[in-house]
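Content type compact mmCIF, C-alpha atoms, from the file target-v1.txt:
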# COMPACT_ATOMS: atom_id res chain seq x y z
CA MET A 820 -3.63 -18.87 24.13
CA SER A 821 -2.71 -20.47 27.45
CA CYS A 822 0.85 -20.73 28.81
CA GLN A 823 3.01 -23.28 27.10
CA ARG A 824 3.97 -26.50 28.74
CA GLU A 825 7.73 -26.79 29.19
CA SER A 826 7.75 -29.74 26.81
CA VAL A 827 6.44 -27.48 24.00
CA ILE A 828 9.31 -25.10 24.68
CA VAL A 829 11.74 -28.06 24.52
CA ARG A 830 10.30 -28.96 21.11
CA LEU A 831 10.50 -25.32 19.98
CA VAL A 832 14.17 -25.02 20.95
CA GLY A 833 14.84 -28.39 19.31
CA GLY A 834 13.32 -27.01 16.10
CA GLU A 835 10.77 -29.78 15.76
CA LEU A 836 7.48 -27.89 15.79
CA ALA A 837 5.48 -27.65 12.60
CA GLU A 838 5.51 -24.20 11.01
CA ALA A 839 1.97 -23.25 12.05
CA GLU A 840 2.48 -24.47 15.61
CA GLU A 841 5.79 -22.66 15.92
CA ARG A 842 4.19 -19.42 14.75
CA GLU A 843 1.45 -19.80 17.34
CA VAL A 844 3.93 -20.51 20.15
CA ARG A 845 6.12 -17.56 19.21
CA LEU A 846 3.08 -15.27 19.27
CA HIS A 847 2.41 -16.48 22.79
CA LEU A 848 6.03 -15.93 23.85
CA ALA A 849 5.82 -12.34 22.64
CA ALA A 850 2.97 -11.73 25.07
CA CYS A 851 3.96 -13.89 28.05
CA THR A 852 7.01 -12.93 30.10
CA THR A 853 7.09 -16.20 32.06
CA CYS A 854 7.15 -18.38 28.96
CA ALA A 855 9.57 -16.03 27.21
CA GLU A 856 12.02 -16.35 30.13
CA ALA A 857 11.66 -20.13 30.13
CA PHE A 858 12.36 -20.16 26.40
CA GLU A 859 15.41 -17.90 26.69
CA GLY A 860 16.76 -19.96 29.58
CA LEU A 861 16.43 -23.22 27.68
CA ARG A 862 17.86 -21.73 24.51
CA GLY A 863 20.87 -20.49 26.48
CA THR A 864 21.45 -23.96 27.93
CA TRP A 865 21.01 -25.51 24.49
CA ASP A 866 23.69 -23.20 23.07
CA GLU A 867 26.06 -23.80 26.00
CA LEU A 868 25.82 -27.56 25.48
CA GLY A 869 27.20 -27.03 22.00
CA ALA A 870 30.61 -26.31 23.55
CA TRP A 871 31.19 -30.06 24.00
CA ASN A 872 32.48 -31.38 20.70
CA VAL A 873 33.24 -35.04 20.21
CA ASP A 874 35.15 -36.11 17.14
CA PRO A 875 35.64 -39.87 16.78
CA THR A 876 36.77 -39.71 13.14
CA GLU A 877 40.20 -41.17 13.91
CA ILE A 878 38.70 -44.44 15.08
CA ASP A 879 37.72 -47.10 12.55
CA LEU A 880 35.80 -50.10 13.86
CA THR A 881 35.53 -51.84 10.49
CA ASP A 882 38.45 -54.25 10.93
CA ARG A 883 37.53 -55.03 14.53
CA VAL A 884 33.93 -55.83 13.63
CA LEU A 885 34.74 -57.86 10.50
CA ALA A 886 37.42 -59.81 12.39
CA ARG A 887 34.83 -60.86 14.95
CA VAL A 888 32.36 -61.83 12.24
CA THR A 889 34.83 -64.05 10.42
CA GLU A 890 36.44 -65.69 13.43
CA PRO A 891 35.38 -69.33 14.02
CA GLU A 892 32.98 -69.99 16.86
CA ASP A 893 34.72 -70.71 20.14
CA PRO A 894 34.36 -74.48 20.67
CA THR A 895 34.69 -74.06 24.45
CA ARG A 896 31.71 -71.72 24.60
CA HIS A 897 29.20 -74.47 25.46
CA GLN A 898 31.63 -76.05 27.88
CA GLN A 899 32.01 -72.70 29.61
CA PHE A 900 28.23 -72.38 29.87
CA PHE A 901 27.97 -75.87 31.35
CA SER A 902 30.79 -75.30 33.80
CA THR A 903 29.16 -72.05 34.88
CA TYR A 904 25.87 -73.70 35.76
CA ARG A 905 27.06 -77.21 36.68
CA GLY A 906 27.53 -76.35 40.34
CA ALA A 907 24.09 -74.81 40.66
CA SER A 908 22.44 -77.75 38.84
CA LEU A 909 24.14 -80.30 41.07
CA ARG A 910 23.14 -78.38 44.17
CA VAL A 911 19.50 -78.36 43.08
CA ALA A 912 19.65 -82.10 42.35
CA ALA A 913 21.30 -82.73 45.71
CA SER A 914 18.65 -80.67 47.49
CA ILE A 915 15.85 -82.66 45.88
CA ALA A 916 17.51 -85.98 46.71
CA LEU A 917 18.15 -84.90 50.30
CA ALA A 918 14.63 -83.58 50.77
CA ALA A 919 13.21 -86.88 49.52
CA GLY A 920 15.59 -88.86 51.72
CA LEU A 921 14.74 -86.71 54.71
CA GLY A 922 11.05 -87.18 54.07
CA ILE A 923 11.46 -90.93 53.93
CA ALA A 924 13.71 -91.08 56.98
CA THR A 925 11.39 -88.97 59.14
CA GLY A 926 8.19 -90.64 57.94
CA ALA A 927 6.91 -87.45 56.36
CA MET A 928 6.63 -89.29 53.04
CA VAL A 929 4.35 -92.27 53.52
CA PRO A 930 3.13 -94.60 50.78
CA ARG A 931 -0.61 -94.67 50.22
CA ASP A 932 -0.76 -98.30 51.25
CA PRO A 933 0.50 -98.32 54.87
CA GLY A 934 1.30 -101.99 54.48
CA LEU A 935 4.03 -101.14 52.08
CA LYS A 936 5.78 -98.87 54.57
CA ALA A 937 7.45 -101.61 56.56
CA ALA A 938 8.39 -103.59 53.50
CA GLN A 939 9.71 -100.79 51.33
CA PHE A 940 10.84 -98.06 53.69
CA ALA A 941 12.22 -99.88 56.72
CA SER A 942 15.64 -99.88 55.16
CA ALA A 943 15.44 -96.36 53.76
CA PRO A 944 18.87 -94.70 53.84
CA SER A 945 19.48 -91.69 56.00
CA PRO A 946 20.14 -88.32 54.29
CA VAL A 947 23.82 -88.61 55.08
CA GLU A 948 23.94 -92.06 53.52
CA LEU A 949 22.15 -90.63 50.50
CA VAL A 950 24.71 -87.88 50.20
CA GLU A 951 27.52 -90.40 50.32
CA ALA A 952 25.76 -92.78 47.92
CA LEU A 953 25.19 -90.00 45.40
CA GLY A 954 28.75 -88.79 45.71
CA LEU A 955 27.57 -85.30 46.67
CA ALA A 956 29.47 -84.97 49.90
CA GLU A 957 31.71 -82.25 48.54
CA LEU A 958 28.71 -80.07 47.73
CA SER A 959 27.60 -79.67 51.32
CA THR A 960 29.25 -78.92 54.60
CA PRO A 961 27.97 -81.19 57.38
CA SER A 962 26.51 -79.46 60.41
CA ALA A 963 26.73 -80.59 64.01
CA THR A 964 23.74 -82.88 63.43
CA GLY A 965 25.50 -84.67 60.61
CA LEU A 966 23.08 -83.19 58.10
CA PRO A 967 24.08 -80.68 55.47
CA LEU A 968 23.82 -77.11 56.73
CA GLY A 969 20.32 -75.78 56.33
CA PHE A 970 18.65 -79.17 56.39
CA GLU A 971 18.75 -79.82 60.11
CA THR A 972 16.12 -77.13 60.75
CA GLU A 973 13.69 -78.70 58.29
CA ALA A 974 13.30 -81.93 60.21
CA PRO A 975 10.16 -82.16 62.35
CA GLU A 976 10.67 -81.82 66.07
CA GLY A 977 11.62 -85.07 67.71
CA ALA A 978 12.35 -86.75 64.45
CA GLU A 979 15.42 -88.88 64.27
CA VAL A 980 17.78 -87.57 61.72
CA GLY A 981 21.14 -88.80 60.67
CA PRO A 982 22.80 -92.03 61.63
CA MET B 1039 35.12 -49.28 -8.90
CA SER B 1040 35.29 -51.66 -5.93
CA LEU B 1041 32.29 -53.48 -4.56
CA ASN B 1042 32.50 -51.42 -1.38
CA ASN B 1043 32.37 -48.21 -3.40
CA THR B 1044 29.33 -49.55 -5.24
CA LEU B 1045 27.61 -50.21 -1.92
CA GLU B 1046 28.09 -46.63 -0.79
CA THR B 1047 25.01 -45.59 -2.73
CA VAL B 1048 22.88 -48.48 -1.50
CA SER B 1049 20.30 -47.73 1.22
CA ASP B 1050 20.68 -49.08 4.75
CA THR B 1051 17.68 -51.33 4.28
CA GLN B 1052 19.14 -52.82 1.11
CA LEU B 1053 22.44 -53.35 2.92
CA MET B 1054 20.57 -55.24 5.64
CA VAL B 1055 18.99 -57.46 2.98
CA ARG B 1056 22.46 -58.21 1.62
CA LEU B 1057 23.77 -58.81 5.12
CA ALA B 1058 21.01 -61.34 5.69
CA THR B 1059 22.58 -63.36 2.88
CA ASP B 1060 25.94 -63.25 4.70
CA ASP B 1061 27.36 -60.50 2.48
CA GLN B 1062 30.01 -59.17 4.84
CA THR B 1063 30.93 -56.27 2.57
CA ALA B 1064 27.46 -54.92 3.40
CA LEU B 1065 28.38 -54.98 7.07
CA GLY B 1066 31.63 -53.16 6.34
CA THR B 1067 29.70 -50.45 4.52
CA LEU B 1068 27.22 -50.10 7.39
CA VAL B 1069 30.09 -49.79 9.87
CA GLN B 1070 31.83 -47.13 7.82
CA ARG B 1071 28.61 -45.25 7.27
CA HIS B 1072 27.41 -45.19 10.87
CA GLN B 1073 30.42 -45.73 13.14
CA ARG B 1074 30.95 -42.05 13.78
CA ARG B 1075 27.46 -41.52 15.16
CA VAL B 1076 27.66 -44.79 17.11
CA LEU B 1077 30.97 -43.89 18.74
CA GLU B 1078 29.89 -40.34 19.45
CA VAL B 1079 26.64 -41.36 21.13
CA ALA B 1080 28.29 -44.16 23.11
CA TYR B 1081 31.05 -41.81 24.28
CA ARG B 1082 28.66 -39.05 25.28
CA MET B 1083 26.59 -41.54 27.24
CA THR B 1084 29.44 -43.37 28.96
CA GLY B 1085 32.21 -40.76 29.10
CA ASP B 1086 34.76 -43.48 28.31
CA HIS B 1087 36.51 -43.76 24.93
CA ALA B 1088 37.55 -47.42 25.28
CA LEU B 1089 34.11 -48.44 26.47
CA ALA B 1090 32.49 -46.48 23.64
CA GLN B 1091 34.55 -48.49 21.14
CA ASP B 1092 33.54 -51.77 22.78
CA ILE B 1093 29.89 -50.71 22.69
CA GLY B 1094 30.26 -49.64 19.07
CA GLN B 1095 31.76 -52.98 18.11
CA GLU B 1096 29.07 -54.91 19.96
CA ALA B 1097 26.35 -52.76 18.37
CA PHE B 1098 27.49 -53.70 14.86
CA LEU B 1099 27.84 -57.35 15.82
CA ARG B 1100 24.22 -57.23 17.00
CA VAL B 1101 23.27 -55.70 13.65
CA TRP B 1102 24.99 -58.61 11.94
CA ARG B 1103 23.40 -61.25 14.18
CA SER B 1104 19.95 -59.71 13.73
CA ALA B 1105 20.16 -59.23 9.96
CA LYS B 1106 18.07 -62.28 9.09
CA ARG B 1107 15.29 -61.15 11.44
CA TYR B 1108 15.49 -57.45 10.55
CA LYS B 1109 12.24 -55.85 9.43
CA PRO B 1110 12.45 -52.23 8.25
CA THR B 1111 9.49 -50.99 10.30
CA ALA B 1112 11.50 -47.98 11.44
CA GLN B 1113 14.53 -46.16 10.08
CA PHE B 1114 17.72 -48.21 10.32
CA THR B 1115 19.38 -45.44 12.34
CA THR B 1116 16.56 -45.42 14.91
CA TRP B 1117 16.98 -49.18 15.31
CA LEU B 1118 20.75 -48.74 15.59
CA TYR B 1119 20.30 -46.06 18.26
CA ARG B 1120 18.07 -48.45 20.16
CA ILE B 1121 20.80 -51.10 20.15
CA ILE B 1122 23.30 -48.55 21.49
CA VAL B 1123 20.89 -47.28 24.14
CA ASN B 1124 20.26 -50.84 25.35
CA LEU B 1125 23.98 -51.58 25.48
CA CYS B 1126 24.65 -48.36 27.40
CA LEU B 1127 21.79 -48.97 29.85
CA ASP B 1128 23.14 -52.48 30.46
CA GLU B 1129 26.55 -50.95 31.09
CA PHE B 1130 25.13 -48.37 33.51
CA LYS B 1131 23.70 -51.21 35.61
CA ARG B 1132 27.12 -52.83 35.88
CA ARG B 1133 29.36 -49.91 36.64
CA LYS B 1134 29.77 -47.01 39.00
CA PRO B 1135 28.54 -43.54 38.01
CA ILE B 1136 30.40 -42.00 35.10
CA THR B 1137 32.68 -39.01 35.41
CA GLY B 1138 33.94 -38.69 31.85
CA ASP B 1139 37.48 -38.71 30.48
CA VAL B 1140 37.97 -35.11 31.47
CA PRO B 1141 40.96 -33.58 29.71
CA ASP B 1142 43.90 -32.28 31.70
CA GLY B 1143 43.53 -28.88 33.29
CA ALA B 1144 45.02 -25.50 32.54
CA ASP B 1145 48.61 -26.56 33.21
CA ALA B 1146 48.79 -28.44 29.95
CA CYS B 1147 47.49 -25.59 27.90
CA SER B 1148 48.86 -22.51 29.64
CA TYR B 1149 50.67 -21.61 26.48
CA GLN B 1150 47.50 -21.63 24.47
CA ALA B 1151 45.43 -18.62 23.66
CA GLU B 1152 42.99 -17.66 26.39
CA THR B 1153 40.02 -18.30 24.17
CA VAL B 1154 41.13 -21.88 23.55
CA VAL B 1155 41.50 -22.44 27.29
CA GLU B 1156 38.09 -20.96 27.92
CA ALA B 1157 36.54 -23.11 25.22
CA ARG B 1158 38.10 -26.19 26.74
CA GLU B 1159 36.84 -25.23 30.19
CA ARG B 1160 33.34 -24.73 28.84
CA ALA B 1161 33.47 -28.12 27.11
CA THR B 1162 34.67 -29.76 30.32
CA ALA B 1163 31.91 -28.06 32.30
CA VAL B 1164 29.31 -29.38 29.86
CA GLN B 1165 30.80 -32.86 29.94
CA LEU B 1166 30.73 -32.92 33.74
CA ALA B 1167 27.17 -31.63 33.85
CA ILE B 1168 26.02 -34.29 31.38
CA ALA B 1169 27.88 -37.00 33.31
CA ALA B 1170 26.16 -35.95 36.53
CA LEU B 1171 22.67 -36.49 35.10
CA PRO B 1172 20.70 -39.60 36.03
CA ASP B 1173 21.18 -42.32 33.38
CA ARG B 1174 17.81 -41.99 31.62
CA GLN B 1175 18.02 -38.19 31.51
CA ARG B 1176 21.53 -38.42 30.05
CA VAL B 1177 20.37 -40.87 27.37
CA ALA B 1178 17.45 -38.60 26.42
CA VAL B 1179 19.59 -35.44 26.26
CA VAL B 1180 22.38 -37.07 24.25
CA LEU B 1181 19.91 -38.30 21.64
CA HIS B 1182 17.87 -35.07 21.57
CA ARG B 1183 20.54 -32.39 21.83
CA PHE B 1184 23.62 -34.01 20.33
CA SER B 1185 22.26 -36.58 17.88
CA GLY B 1186 19.49 -34.28 16.67
CA LEU B 1187 16.64 -36.71 17.29
CA THR B 1188 13.16 -35.31 17.85
CA VAL B 1189 11.18 -36.19 20.97
CA ARG B 1190 9.29 -38.74 18.87
CA THR B 1191 12.39 -40.45 17.46
CA THR B 1192 14.05 -40.35 20.87
CA ALA B 1193 11.01 -42.23 22.16
CA ASP B 1194 11.33 -44.73 19.29
CA ALA B 1195 15.06 -45.17 19.91
CA THR B 1196 14.66 -45.75 23.63
CA GLY B 1197 11.36 -47.61 23.73
CA TRP B 1198 10.04 -45.06 26.23
CA SER B 1199 6.79 -43.14 25.70
CA GLU B 1200 6.86 -39.65 24.21
CA SER B 1201 5.51 -38.17 27.44
CA ALA B 1202 8.24 -39.95 29.40
CA VAL B 1203 10.90 -38.55 27.06
CA GLU B 1204 9.39 -35.04 27.34
CA SER B 1205 9.46 -35.29 31.10
CA LEU B 1206 13.05 -36.56 31.12
CA LEU B 1207 14.15 -33.76 28.80
CA VAL B 1208 12.44 -31.00 30.79
CA ARG B 1209 14.11 -32.22 34.00
CA ALA B 1210 17.46 -32.80 32.32
CA TYR B 1211 17.65 -29.35 30.71
CA ALA B 1212 16.62 -27.72 34.00
CA ALA B 1213 19.35 -29.65 35.84
CA LEU B 1214 21.92 -28.78 33.19
CA ARG B 1215 21.02 -25.11 33.34
CA GLN B 1216 21.48 -25.08 37.10
CA SER B 1217 24.67 -27.12 36.98
CA LEU B 1218 26.28 -24.97 34.29
CA SER B 1219 25.29 -21.78 36.05
CA GLU B 1220 26.83 -23.04 39.33
CA GLN B 1221 30.04 -24.01 37.57
CA GLU B 1222 30.22 -20.59 35.96
CA LYS B 1223 30.05 -18.91 39.38
CA LYS B 1224 33.03 -20.92 40.70

Now that the file is in, can you turn its structure into structure tokens?
Amino acid sequence: MSCQRESVIVRLVGGELAEAEEREVRLHLAACTTCAEAFEGLRGTWDELGAWNVDPTEIDLTDRVLARVTEPEDPTRHQQFFSTYRGASLRVAASIALAAGLGIATGAMVPRDPGLKAAQFASAPSPVELVEALGLAELSTPSATGLPLGFETEAPEGAEVGP
Amino acid sequence: MSLNNTLETVSDTQLMVRLATDDQTALGTLVQRHQRRVLEVAYRMTGDHALAQDIGQEAFLRVWRSAKRYKPTAQFTTWLYRIIVNLCLDEFKRRKPITGDVPDGADACSYQAETVVEARERATAVQLAIAALPDRQRVAVVLHRFSGLTVRTTADATGWSESAVESLLVRAYAALRQSLSEQEKK
């Protein structure tokens, strides 16, 4: 029989080998010093670990658990969820609106019919006007260019941005 | 005989069926039947008594919330261990490494018999060695050595493969052996 893998020795010390397998492993240990030492070492550690006793019998979770089960659902729970994500949602919406406005203002977004451009986009609001119109000014800090921070670098070179 | 006493002889699976019909006495019986093992495992994994109680409470609340979807494909206790393991692993991600609520040193027990002091020191050494293990090794050792789970049931309770659990256990026991031997020399 070949030398035992360490995992077999772990199972032997844990007492989880079937009777026939355990007999076979023990026969091997009797003949193999290396495996016998590994087994004795692990068994010693196993026994030492037994020194740590934990006794939680004084604690009873029953009342705590049942109290939580019977308590009415917190009506503010959904409000808390909304308030948690409201800021992020508004920022995403503001980003989309600003990106669209920026595209229109810089000519990056052009209608398929060029004839419509003059008629429909000549009076397109600037991004800053969009921010003010949407009431999102408090969500962004204006940069030196008048655009919200982070947006000024997205404008094409030479493009007119802001008022 | 009270209803709760009647339920003491009912199997875990039957209690889960009752719990699915909002029978809260079934939950009370499950808590009383399993809270000791839940608290012990949670404490050994986290080293924190208060946290172990919070994890224990949350584990039973998850049992209650999952009762309607529960399918007895594995033993109830294996499923319960899995809930605890997941809660502990979540906790490990959130917090700094554990050190354990190590009891006060020899000053407090100088009047005690030497053997009691030695036993306490050995227990503290073991607790520190367990706390110093990487999280997954600690989880595997706690389930295998202290909860008496086999490699197979440890794999079921953690969702890891048997070979992964074997590997974790081999490394963990080797590390514990070295750690305990170093502490003994000090």

Under the rule of at most 12 Å, produce a per-residue listing of chain A near chain B: chain, number, name, the closest pair of atoms, and the distance in Å, as a tab-separated table, using all atoms listed in the file.
residue	atom	partner	partner_atom	distance
A:Arg824	CA	B:Val1208	CA	9.8
A:Glu825	CA	B:Val1208	CA	6.5
A:Ser826	CA	B:Glu1204	CA	5.6
A:Val827	CA	B:Glu1204	CA	8.8
A:Ile828	CA	B:Val1208	CA	9.1
A:Val829	CA	B:Val1208	CA	7.0
A:Arg830	CA	B:Val1189	CA	7.3
A:Leu831	CA	B:Thr1188	CA	10.6
A:Val832	CA	B:Arg1183	CA	9.8
A:Gly833	CA	B:Thr1188	CA	7.3
A:Gly834	CA	B:Thr1188	CA	8.5
A:Glu835	CA	B:Thr1188	CA	6.4
A:Leu836	CA	B:Thr1188	CA	9.6
A:Ala857	CA	B:Ala1212	CA	9.9
A:Phe858	CA	B:Tyr1211	CA	11.4
A:Glu859	CA	B:Arg1215	CA	11.3
A:Gly860	CA	B:Arg1215	CA	7.7
A:Leu861	CA	B:Tyr1211	CA	6.9
A:Arg862	CA	B:Tyr1211	CA	9.8
A:Gly863	CA	B:Arg1215	CA	8.3
A:Thr864	CA	B:Arg1215	CA	5.5
A:Trp865	CA	B:Arg1183	CA	7.4
A:Asp866	CA	B:Arg1183	CA	9.8
A:Glu867	CA	B:Val1164	CA	7.5
A:Leu868	CA	B:Val1164	CA	5.9
A:Gly869	CA	B:Phe1184	CA	8.0
A:Ala870	CA	B:Ala1161	CA	4.9
A:Trp871	CA	B:Ala1161	CA	4.3
A:Asn872	CA	B:Ala1161	CA	7.3
A:Val873	CA	B:Glu1078	CA	6.3
A:Asp874	CA	B:Glu1078	CA	7.1
A:Pro875	CA	B:Arg1074	CA	6.0
A:Thr876	CA	B:Arg1074	CA	6.3
A:Glu877	CA	B:Arg1074	CA	9.3
A:Ile878	CA	B:Arg1074	CA	8.2
A:Asp879	CA	B:Gln1073	CA	7.5
A:Leu880	CA	B:Gln1095	CA	6.5
A:Thr881	CA	B:Gly1066	CA	5.8
A:Asp882	CA	B:Gly1066	CA	8.3
A:Arg883	CA	B:Gln1095	CA	7.1
A:Val884	CA	B:Gln1095	CA	5.7
A:Leu885	CA	B:Gly1066	CA	7.0
A:Ala886	CA	B:Leu1099	CA	10.5
A:Arg887	CA	B:Leu1099	CA	7.9
A:Val888	CA	B:Leu1099	CA	7.3
A:Thr889	CA	B:Gln1062	CA	8.8

> How far is it from atom CA of Thr1116 of chain B to atom CA of Thr1192 of chain B, in Å with one decimal?
Replying inline: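 Atom CA of Thr1116 of chain B sits 8.2 Å away from atom CA of Thr1192 of chain B.
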
>> If I take atom CA of Arg910 of chain A and atom CA of Gly922 of chain A, how far is one from the other in Å, to one decimal?
In response: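 So the two atoms, atom CA of Arg910 of chain A and atom CA of Gly922 of chain A, lie 17.9 Å apart.
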
> So how many Å separate atom CA of Arg1107 of chain B and atom CA of Val1048 of chain B, to one decimal?
Replying inline: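 That distance, rounded to one decimal, is 19.6 Å.
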
>> Under the rule that all atoms listed in the file are counted, which of B:Val1179, B:Asp1128, B:Val1101, B:Pro1110 is the nearest residue to Thr1051 of chain B?
In response: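 Ranked by minimum distance to Thr1051 of chain B, first place goes to B:Pro1110.
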